[in-house]
Amino acid sequence: MRIATWNVNSLKARLEKLVWWVERTNPDVLLLQETKCTDAGAPREALFSLGYELAHHGSGGRNGVAIASRTPLTAIETNFGEPLAPRTATASDDDPLAEARIVAATTAGLRAVSVYAPNGRVVGTAPYFAKLDWYERLSRWLEATPKETPLVLGGDFNVAPTDDDVWDARACHGGTHVSEPERAAFRRLLAWGLVDAYRRHHPERERYTWWDYRAGDFHRNVGMRIDHLLVAPAVAERSVFAEIDREARKGRPTPSDHAPLVVDLDTSGRPFDAGWSGAEERIAARRQSARK
DNA sequence: ATGTCCCAGTCTCTGGGA
């Protein structure tokens, strides 16, 4: 089974590139971020004709997350199971918890979650603390998930977990994505038991998933590894391959500023969802009690 | 090089966000 995550920087603007990439890569489950679509405006038909169902969560403009899968999507949960607050228009209104940044669904025996963490802009500003608050909310949501859940929490985390995940730690010092509080928030996800699937297969440095469009950053490999597939231990044990597809960051039509990340699972042998039966109900019950 | 791309609205350009 092939799982992928990709911040596409507009699903509509990227549709031709996405079709090319999906036909080339054939993921079974694809997590998408920054779709910038409304639920009604999401290109469901185009994905359906490629063989995918789509669970989409977005209000248009910015943000927006989705899960495309070759197998049915059930128990779809958006925004931490809470209704999204109405959009309040002005750019200075920065409330990530009112934005479409998380969608979860059960598919292919997995609990798949697509996240788009806030950017944070500048350390010490209101958007930065809002980013940390959003991570706090994500951790509480995660910690209400039973440990045996075959979880795949993937997306654009907007955090480079270590200095090995940035092109130049000194140049990045003092900026967002690398600050200690952001890295601590990321490590709290790992403390639940999640495994960084890419690092399980690739210890090397200079492997990034995002490069700024400007200044030829991609061609100079001035980037950061901020997109991740974090998987439960039972999923990690089955992972046999991980790669960042730099080809998708090149050429025309215009690429996203992020490259997709792919992980392959060996699903031969015992059923992948062993022990997972009934867990949707257990998750729902724990979320209910966590809200009280 | 603060050098690109995408979106919404002010709508064939501009400002904001990443």
# chains A, B, ... in the order shown; residues from 1 in each chain; ligands from 1

call {"tool": "closest_atom_pairs", "arguments": {"of": "chain B", "to": "chain A", "cutoff": "8 Å", "atoms": "only C-alpha atoms (C1' of nucleotides)", "output": "JSON lines"}}
result
{"residue": "B:DA1", "atom": "C1'", "partner": "A:Ala215", "partner_atom": "CA", "distance": 7.9}
{"residue": "B:DG3", "atom": "C1'", "partner": "A:Ala215", "partner_atom": "CA", "distance": 4.9}
{"residue": "B:DT4", "atom": "C1'", "partner": "A:Tyr213", "partner_atom": "CA", "distance": 4.9}
{"residue": "B:DC5", "atom": "C1'", "partner": "A:Tyr213", "partner_atom": "CA", "distance": 7.2}
{"residue": "B:DC6", "atom": "C1'", "partner": "A:Ser10", "partner_atom": "CA", "distance": 7.2}
{"residue": "B:DC7", "atom": "C1'", "partner": "A:Gly61", "partner_atom": "CA", "distance": 5.6}
{"residue": "B:DA8", "atom": "C1'", "partner": "A:Gly61", "partner_atom": "CA", "distance": 7.1}
{"residue": "B:DG16", "atom": "C1'", "partner": "A:Ala91", "partner_atom": "CA", "distance": 7.2}
{"residue": "B:DA18", "atom": "C1'", "partner": "A:Asn119", "partner_atom": "CA", "distance": 7.8}

call {"tool": "select_by_dssp", "arguments": {"residues": "region 171-279 of chain A", "states": "strand (DSSP E)", "output": "NGL selection string"}}
result
:A and (195-196 or 210-211 or 223-224 or 227-231 or 239-244 or 261-265)

call {"tool": "atom_distance", "arguments": {"atom1": "CA of Leu265 (chain A)", "atom2": "CA of Val235 (chain A)"}}
result
7.4 Å

call {"tool": "residues_around", "arguments": {"residues": "Pro118 (chain A)", "least_positions_apart": "5", "cutoff": "7 Å", "atoms": "only C-alpha atoms (C1' of nucleotides)", "output": "mmCIF file with C-alpha atoms, in the first residue's frame"}}
result
data_model
loop_
_atom_site.group_PDB
_atom_site.id
_atom_site.type_symbol
_atom_site.label_atom_id
_atom_site.label_comp_id
_atom_site.auth_asym_id
_atom_site.auth_seq_id
_atom_site.Cartn_x
_atom_site.Cartn_y
_atom_site.Cartn_z
ATOM 1 C CA PRO A 96 -6.013 28.860 13.137
ATOM 2 C CA LYS A 131 0.522 28.145 16.028
ATOM 3 C CA ASN A 158 5.497 23.777 9.273
#

call {"tool": "select_by_dssp", "arguments": {"residues": "region 63-234 of chain A", "states": "helix (DSSP H, G or I)", "output": "PyMOL selection string"}}
result
chain A and resi 79-81+96-98+126-143+163-165+169-172+180-191+197-201+214-216+233-234

call {"tool": "closest_residue", "arguments": {"among": "A:Leu97, A:Ala169, A:Ala259, A:Leu132", "to": "Glu82 (chain A)", "atoms": "only C-alpha atoms"}}
result
A:Leu97

call {"tool": "closest_residue", "arguments": {"among": "A:Arg220, A:Cys172, A:Trp276, A:Met1", "to": "Arg238 (chain A)", "atoms": "only C-alpha atoms"}}
result
A:Met1

call {"tool": "residues_around", "arguments": {"residues": "Gly124 (chain A)", "least_positions_apart": "2", "cutoff": "12 Å", "atoms": "only C-alpha atoms (C1' of nucleotides)", "output": "list in words"}}
result
Gly120, Arg121, Val122, Ala126, Pro127, Tyr128, Phe129, Ala130, Lys131, Leu132, Gly174, Gly175, Thr176, Ser179, Pro181 and Glu182 of chain A

call {"tool": "residues_around", "arguments": {"residues": "Glu247 (chain A)", "least_positions_apart": "4", "cutoff": "12 Å", "atoms": "only C-alpha atoms (C1' of nucleotides)", "output": "list in words"}}
result
Lys17, Trp20, Trp21, Arg24, Thr25, Thr209, Phe218, His219, Glu243, Gly251, Arg252, Pro255, Ser256, Asp257, His258, Ala259, Pro260 and Leu261 of chain A

call {"tool": "atom_distance", "arguments": {"atom1": "CA of Leu142 (chain A)", "atom2": "CA of Arg205 (chain A)"}}
result
28.6 Å

call {"tool": "closest_residue", "arguments": {"among": "A:Leu153, A:Ser277, A:Ala104, A:Ala98", "to": "Leu194 (chain A)", "atoms": "only C-alpha atoms"}}
result
A:Leu153

call {"tool": "closest_residue", "arguments": {"among": "A:Asp227, A:Glu143, A:Glu204, A:Glu281", "to": "Gly155 (chain A)", "atoms": "only C-alpha atoms"}}
result
A:Asp227

call {"tool": "residues_around", "arguments": {"residues": "Ser59 (chain A)", "least_positions_apart": "6", "cutoff": "9 Å", "atoms": "only C-alpha atoms (C1' of nucleotides)", "output": "ChimeraX atom specification"}}
result
/A:36-39,87,99-100

call {"tool": "write_last_selection", "arguments": {"atoms": "C-alpha atoms", "output": "CSV table (one decimal), in the first residue's frame"}}
result
chain,number,residue,atom,x,y,z
A,36,LYS,CA,-7.6,26.5,-1.2
A,37,CYS,CA,-11.0,25.1,-2.3
A,38,THR,CA,-14.4,25.2,-0.8
A,39,ASP,CA,-16.0,21.8,-0.2
A,87,ARG,CA,-14.8,33.1,8.6
A,99,GLU,CA,-9.5,27.6,9.8
A,100,ALA,CA,-9.7,24.3,7.8

call {"tool": "residues_around", "arguments": {"residues": "Thr145 (chain A)", "least_positions_apart": "4", "cutoff": "8 Å", "atoms": "only C-alpha atoms (C1' of nucleotides)", "output": "list in words"}}
result
Trp141, Thr149, Ile283, Arg286 and Arg287 of chain A

call {"tool": "decode", "arguments": {"residues": "region 77-123 of chain A", "atoms": "N, CA and C atoms", "output": "JSON list (two decimals), in the first residue's frame"}}
result
[["chain", "number", "residue", "atom", "x", "y", "z"],
["A", 77, "GLU", "N", -13.95, 13.11, 9.97],
["A", 77, "GLU", "CA", -13.98, 14.04, 11.10],
["A", 77, "GLU", "C", -13.19, 15.29, 10.71],
["A", 78, "THR", "N", -13.81, 16.46, 10.82],
["A", 78, "THR", "CA", -13.14, 17.71, 10.45],
["A", 78, "THR", "C", -12.92, 18.58, 11.68],
["A", 79, "ASN", "N", -11.87, 19.39, 11.62],
["A", 79, "ASN", "CA", -11.61, 20.40, 12.65],
["A", 79, "ASN", "C", -11.75, 19.87, 14.07],
["A", 80, "PHE", "N", -11.05, 18.79, 14.40],
["A", 80, "PHE", "CA", -11.05, 18.23, 15.76],
["A", 80, "PHE", "C", -12.46, 17.84, 16.21],
["A", 81, "GLY", "N", -13.33, 17.52, 15.23],
["A", 81, "GLY", "CA", -14.67, 17.10, 15.57],
["A", 81, "GLY", "C", -15.59, 18.23, 15.98],
["A", 82, "GLU", "N", -15.12, 19.47, 15.78],
["A", 82, "GLU", "CA", -15.93, 20.63, 16.16],
["A", 82, "GLU", "C", -16.31, 21.42, 14.91],
["A", 83, "PRO", "N", -17.45, 22.13, 14.95],
["A", 83, "PRO", "CA", -17.80, 22.95, 13.78],
["A", 83, "PRO", "C", -16.80, 24.09, 13.62],
["A", 84, "LEU", "N", -16.49, 24.41, 12.37],
["A", 84, "LEU", "CA", -15.57, 25.50, 12.07],
["A", 84, "LEU", "C", -16.29, 26.83, 12.32],
["A", 85, "ALA", "N", -15.61, 27.73, 13.03],
["A", 85, "ALA", "CA", -16.20, 29.05, 13.26],
["A", 85, "ALA", "C", -16.35, 29.77, 11.92],
["A", 86, "PRO", "N", -17.35, 30.61, 11.77],
["A", 86, "PRO", "CA", -17.51, 31.34, 10.51],
["A", 86, "PRO", "C", -16.29, 32.20, 10.22],
["A", 87, "ARG", "N", -15.95, 32.27, 8.95],
["A", 87, "ARG", "CA", -14.77, 33.06, 8.57],
["A", 87, "ARG", "C", -15.02, 34.54, 8.82],
["A", 88, "THR", "N", -14.04, 35.21, 9.45],
["A", 88, "THR", "CA", -14.24, 36.61, 9.83],
["A", 88, "THR", "C", -13.41, 37.57, 8.98],
["A", 89, "ALA", "N", -13.16, 37.19, 7.76],
["A", 89, "ALA", "CA", -12.71, 38.11, 6.69],
["A", 89, "ALA", "C", -11.34, 38.76, 6.82],
["A", 90, "THR", "N", -11.10, 39.64, 7.74],
["A", 90, "THR", "CA", -9.88, 40.45, 7.67],
["A", 90, "THR", "C", -8.62, 39.62, 7.87],
["A", 91, "ALA", "N", -7.58, 40.04, 7.19],
["A", 91, "ALA", "CA", -6.33, 39.28, 7.19],
["A", 91, "ALA", "C", -5.70, 39.24, 8.57],
["A", 92, "SER", "N", -5.95, 40.24, 9.37],
["A", 92, "SER", "CA", -5.32, 40.29, 10.69],
["A", 92, "SER", "C", -6.00, 39.35, 11.68],
["A", 93, "ASP", "N", -7.22, 38.91, 11.34],
["A", 93, "ASP", "CA", -7.90, 37.92, 12.19],
["A", 93, "ASP", "C", -7.25, 36.57, 12.01],
["A", 94, "ASP", "N", -6.31, 36.27, 12.86],
["A", 94, "ASP", "CA", -5.56, 35.04, 12.69],
["A", 94, "ASP", "C", -5.95, 34.06, 13.78],
["A", 95, "ASP", "N", -6.91, 33.21, 13.49],
["A", 95, "ASP", "CA", -7.32, 32.19, 14.45],
["A", 95, "ASP", "C", -7.29, 30.84, 13.76],
["A", 96, "PRO", "N", -6.15, 30.13, 13.86],
["A", 96, "PRO", "CA", -6.01, 28.86, 13.14],
["A", 96, "PRO", "C", -7.08, 27.84, 13.50],
["A", 97, "LEU", "N", -7.62, 27.95, 14.74],
["A", 97, "LEU", "CA", -8.64, 26.98, 15.14],
["A", 97, "LEU", "C", -9.97, 27.24, 14.44],
["A", 98, "ALA", "N", -10.08, 28.40, 13.76],
["A", 98, "ALA", "CA", -11.28, 28.69, 12.96],
["A", 98, "ALA", "C", -11.02, 28.41, 11.48],
["A", 99, "GLU", "N", -9.85, 27.86, 11.16],
["A", 99, "GLU", "CA", -9.49, 27.60, 9.77],
["A", 99, "GLU", "C", -9.46, 26.10, 9.48],
["A", 100, "ALA", "N", -9.64, 25.76, 8.21],
["A", 100, "ALA", "CA", -9.73, 24.35, 7.81],
["A", 100, "ALA", "C", -8.33, 23.75, 7.73],
["A", 101, "ARG", "N", -7.89, 23.09, 8.81],
["A", 101, "ARG", "CA", -6.51, 22.61, 8.90],
["A", 101, "ARG", "C", -6.39, 21.13, 9.25],
["A", 102, "ILE", "N", -7.51, 20.44, 9.45],
["A", 102, "ILE", "CA", -7.40, 19.01, 9.77],
["A", 102, "ILE", "C", -8.65, 18.27, 9.33],
["A", 103, "VAL", "N", -8.41, 17.15, 8.67],
["A", 103, "VAL", "CA", -9.50, 16.24, 8.32],
["A", 103, "VAL", "C", -8.98, 14.81, 8.54],
["A", 104, "ALA", "N", -9.85, 13.98, 9.12],
["A", 104, "ALA", "CA", -9.49, 12.59, 9.40],
["A", 104, "ALA", "C", -10.53, 11.67, 8.78],
["A", 105, "ALA", "N", -10.10, 10.49, 8.38],
["A", 105, "ALA", "CA", -11.04, 9.50, 7.85],
["A", 105, "ALA", "C", -10.44, 8.11, 7.98],
["A", 106, "THR", "N", -11.32, 7.13, 8.09],
["A", 106, "THR", "CA", -10.89, 5.74, 8.09],
["A", 106, "THR", "C", -10.92, 5.23, 6.66],
["A", 107, "THR", "N", -9.82, 4.63, 6.22],
["A", 107, "THR", "CA", -9.76, 4.10, 4.86],
["A", 107, "THR", "C", -8.64, 3.08, 4.78],
["A", 108, "ALA", "N", -8.86, 2.04, 4.01],
["A", 108, "ALA", "CA", -7.83, 1.02, 3.77],
["A", 108, "ALA", "C", -7.27, 0.46, 5.08],
["A", 109, "GLY", "N", -8.13, 0.37, 6.11],
["A", 109, "GLY", "CA", -7.67, -0.18, 7.39],
["A", 109, "GLY", "C", -6.85, 0.77, 8.22],
["A", 110, "LEU", "N", -6.73, 2.02, 7.77],
["A", 110, "LEU", "CA", -5.94, 3.02, 8.49],
["A", 110, "LEU", "C", -6.86, 4.14, 8.99],
["A", 111, "ARG", "N", -6.40, 4.82, 10.03],
["A", 111, "ARG", "CA", -7.01, 6.09, 10.41],
["A", 111, "ARG", "C", -6.11, 7.17, 9.83],
["A", 112, "ALA", "N", -6.53, 7.77, 8.73],
["A", 112, "ALA", "CA", -5.70, 8.73, 8.01],
["A", 112, "ALA", "C", -6.08, 10.15, 8.43],
["A", 113, "VAL", "N", -5.09, 10.98, 8.65],
["A", 113, "VAL", "CA", -5.31, 12.36, 9.09],
["A", 113, "VAL", "C", -4.43, 13.29, 8.25],
["A", 114, "SER", "N", -5.07, 14.29, 7.63],
["A", 114, "SER", "CA", -4.34, 15.27, 6.84],
["A", 114, "SER", "C", -4.34, 16.60, 7.59],
["A", 115, "VAL", "N", -3.14, 17.09, 7.91],
["A", 115, "VAL", "CA", -3.05, 18.34, 8.68],
["A", 115, "VAL", "C", -2.24, 19.41, 7.94],
["A", 116, "TYR", "N", -2.64, 20.64, 8.15],
["A", 116, "TYR", "CA", -1.90, 21.80, 7.66],
["A", 116, "TYR", "C", -1.68, 22.74, 8.84],
["A", 117, "ALA", "N", -0.52, 22.62, 9.46],
["A", 117, "ALA", "CA", -0.22, 23.43, 10.64],
["A", 117, "ALA", "C", -0.07, 24.90, 10.25],
["A", 118, "PRO", "N", -0.41, 25.81, 11.15],
["A", 118, "PRO", "CA", -0.21, 27.24, 10.86],
["A", 118, "PRO", "C", 1.26, 27.54, 10.62],
["A", 119, "ASN", "N", 1.52, 28.60, 9.88],
["A", 119, "ASN", "CA", 2.88, 28.99, 9.53],
["A", 119, "ASN", "C", 3.61, 29.64, 10.71],
["A", 120, "GLY", "N", 2.94, 30.54, 11.42],
["A", 120, "GLY", "CA", 3.55, 31.19, 12.56],
["A", 120, "GLY", "C", 4.22, 32.52, 12.25],
["A", 121, "ARG", "N", 4.56, 32.72, 10.98],
["A", 121, "ARG", "CA", 5.14, 33.98, 10.48],
["A", 121, "ARG", "C", 6.42, 34.42, 11.17],
["A", 122, "VAL", "N", 6.32, 35.00, 12.35],
["A", 122, "VAL", "CA", 7.50, 35.53, 13.03],
["A", 122, "VAL", "C", 7.46, 35.09, 14.50],
["A", 123, "VAL", "N", 8.59, 34.60, 15.01],
["A", 123, "VAL", "CA", 8.66, 34.15, 16.41],
["A", 123, "VAL", "C", 8.25, 35.30, 17.34]]
